[in-house]
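The next block holds one structure in the form of structure tokens; read it before the comments.
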Amino acid sequence: MKVNDENIKIQIYIDKKEVVYSRQNMIKAINTFLLYLTNPDLDELTDRCKSLKEHRHQQEQQAKLEENRTPIQSNRYDT
């Protein structure tokens, strides 16, 4: 399932109270729903998580390469 709609509003409720949109609260909400997912749902979620991690790793490697390619500019007049 792909969600590309930028107009989606996400609200997190814990114990019938809306909570701040934070990493910790998102993890609590996700962990609560994991029990209700089927094995195929979990497989799809696992594949998506692996793809996301791989993409992030590639982006980090690319950023490191770009960082190494950036020439260090020296001030000739400081000597």
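For the structure tokens, the naming scheme is as follows: chains receive sequential letters (A, B, ...) according to their order of presentation, residues are indexed from 1 within each chain, and ligands are indexed from 1 in presentation order.
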
Need to verify the contact set: Lys28 of chain A, 12 Å, only C-alpha atoms, exclusion of same-chain residues closer than 6 positions in sequence. Can you return it as an NGL selection string?
:A and (12-15 or 19-22 or 34)

May I have the residues within 10 Å of Leu45 of chain A as a list of chain:residue names, using only C-alpha atoms and disregarding those fewer than 6 positions away in the same chain?
A:Met1, A:Leu34, A:Leu37, A:Asn39, A:Ser51

Written file, previous selection with C-alpha atoms, as a compact mmCIF listing (two decimals), in the first residue's frame:
# COMPACT_ATOMS: atom_id res chain seq x y z
CA MET A 1 0.00 0.00 0.00
CA LEU A 34 1.37 -5.27 15.10
CA LEU A 37 -1.55 -7.89 11.35
CA ASN A 39 1.61 -12.93 8.41
CA SER A 51 13.99 -1.42 1.60

Per-residue DSSP, chain A, filtered to helix (DSSP H, G or I), as a PyMOL selection string:
chain A and resi 23-34+39-69+76-78

Residue selection dump (C-alpha atoms) as a short mmCIF file (atom, residue, chain, number, x, y, z; two decimals), in the first residue's frame:
data_model
loop_
_atom_site.label_atom_id
_atom_site.label_comp_id
_atom_site.auth_asym_id
_atom_site.auth_seq_id
_atom_site.Cartn_x
_atom_site.Cartn_y
_atom_site.Cartn_z
CA ARG A 23 8.91 9.13 17.57
CA GLN A 24 8.13 7.43 20.89
CA ASN A 25 4.36 7.81 20.43
CA MET A 26 4.53 6.53 16.84
CA ILE A 27 6.41 3.45 18.03
CA LYS A 28 3.81 2.81 20.75
CA ALA A 29 0.99 3.07 18.21
CA ILE A 30 2.75 0.80 15.68
CA ASN A 31 3.56 -1.82 18.32
CA THR A 32 -0.08 -1.86 19.40
CA PHE A 33 -1.26 -2.63 15.85
CA LEU A 34 1.37 -5.27 15.10
CA ASN A 39 1.61 -12.93 8.41
CA PRO A 40 1.43 -11.57 4.84
CA ASP A 41 0.99 -8.07 6.29
CA LEU A 42 4.06 -8.60 8.47
CA ASP A 43 6.03 -9.90 5.48
CA GLU A 44 5.12 -6.80 3.48
CA LEU A 45 6.01 -4.55 6.41
CA THR A 46 9.34 -6.35 6.84
CA ASP A 47 10.14 -5.94 3.14
CA ARG A 48 9.25 -2.25 3.30
CA CYS A 49 11.42 -1.72 6.39
CA LYS A 50 14.36 -3.51 4.76
CA SER A 51 13.99 -1.42 1.60
CA LEU A 52 13.81 1.79 3.63
CA LYS A 53 16.90 0.87 5.64
CA GLU A 54 18.81 -0.05 2.46
CA HIS A 55 17.80 3.22 0.80
CA ARG A 56 18.91 5.22 3.86
CA HIS A 57 22.21 3.34 3.96
CA GLN A 58 22.81 4.13 0.29
CA GLN A 59 21.99 7.79 0.90
CA GLU A 60 24.43 7.90 3.82
CA GLN A 61 27.16 6.34 1.70
CA GLN A 62 26.44 8.81 -1.10
CA ALA A 63 26.61 11.72 1.35
CA LYS A 64 29.97 10.47 2.65
CA LEU A 65 31.31 10.21 -0.90
CA GLU A 66 30.11 13.72 -1.69
CA GLU A 67 31.70 14.98 1.51
CA ASN A 68 35.04 13.43 0.51
CA ARG A 69 34.84 14.96 -2.97
CA ARG A 76 46.24 31.61 0.62
CA TYR A 77 46.66 34.88 2.44
CA ASP A 78 46.82 33.29 5.94
#

When DSSP is applied to the backbone of this structure, which of chain A are assigned strand (DSSP E)? Write them out as a compact mmCIF listing (two decimals) with C-alpha atoms, in the first residue's frame.
# COMPACT_ATOMS: atom_id res chain seq x y z
CA ILE A 12 -2.14 9.56 17.39
CA TYR A 13 -4.41 8.64 20.28
CA ILE A 14 -3.24 6.67 23.29
CA LYS A 17 -6.20 11.06 24.37
CA GLU A 18 -4.53 12.70 21.43
CA VAL A 19 -0.79 12.70 22.00
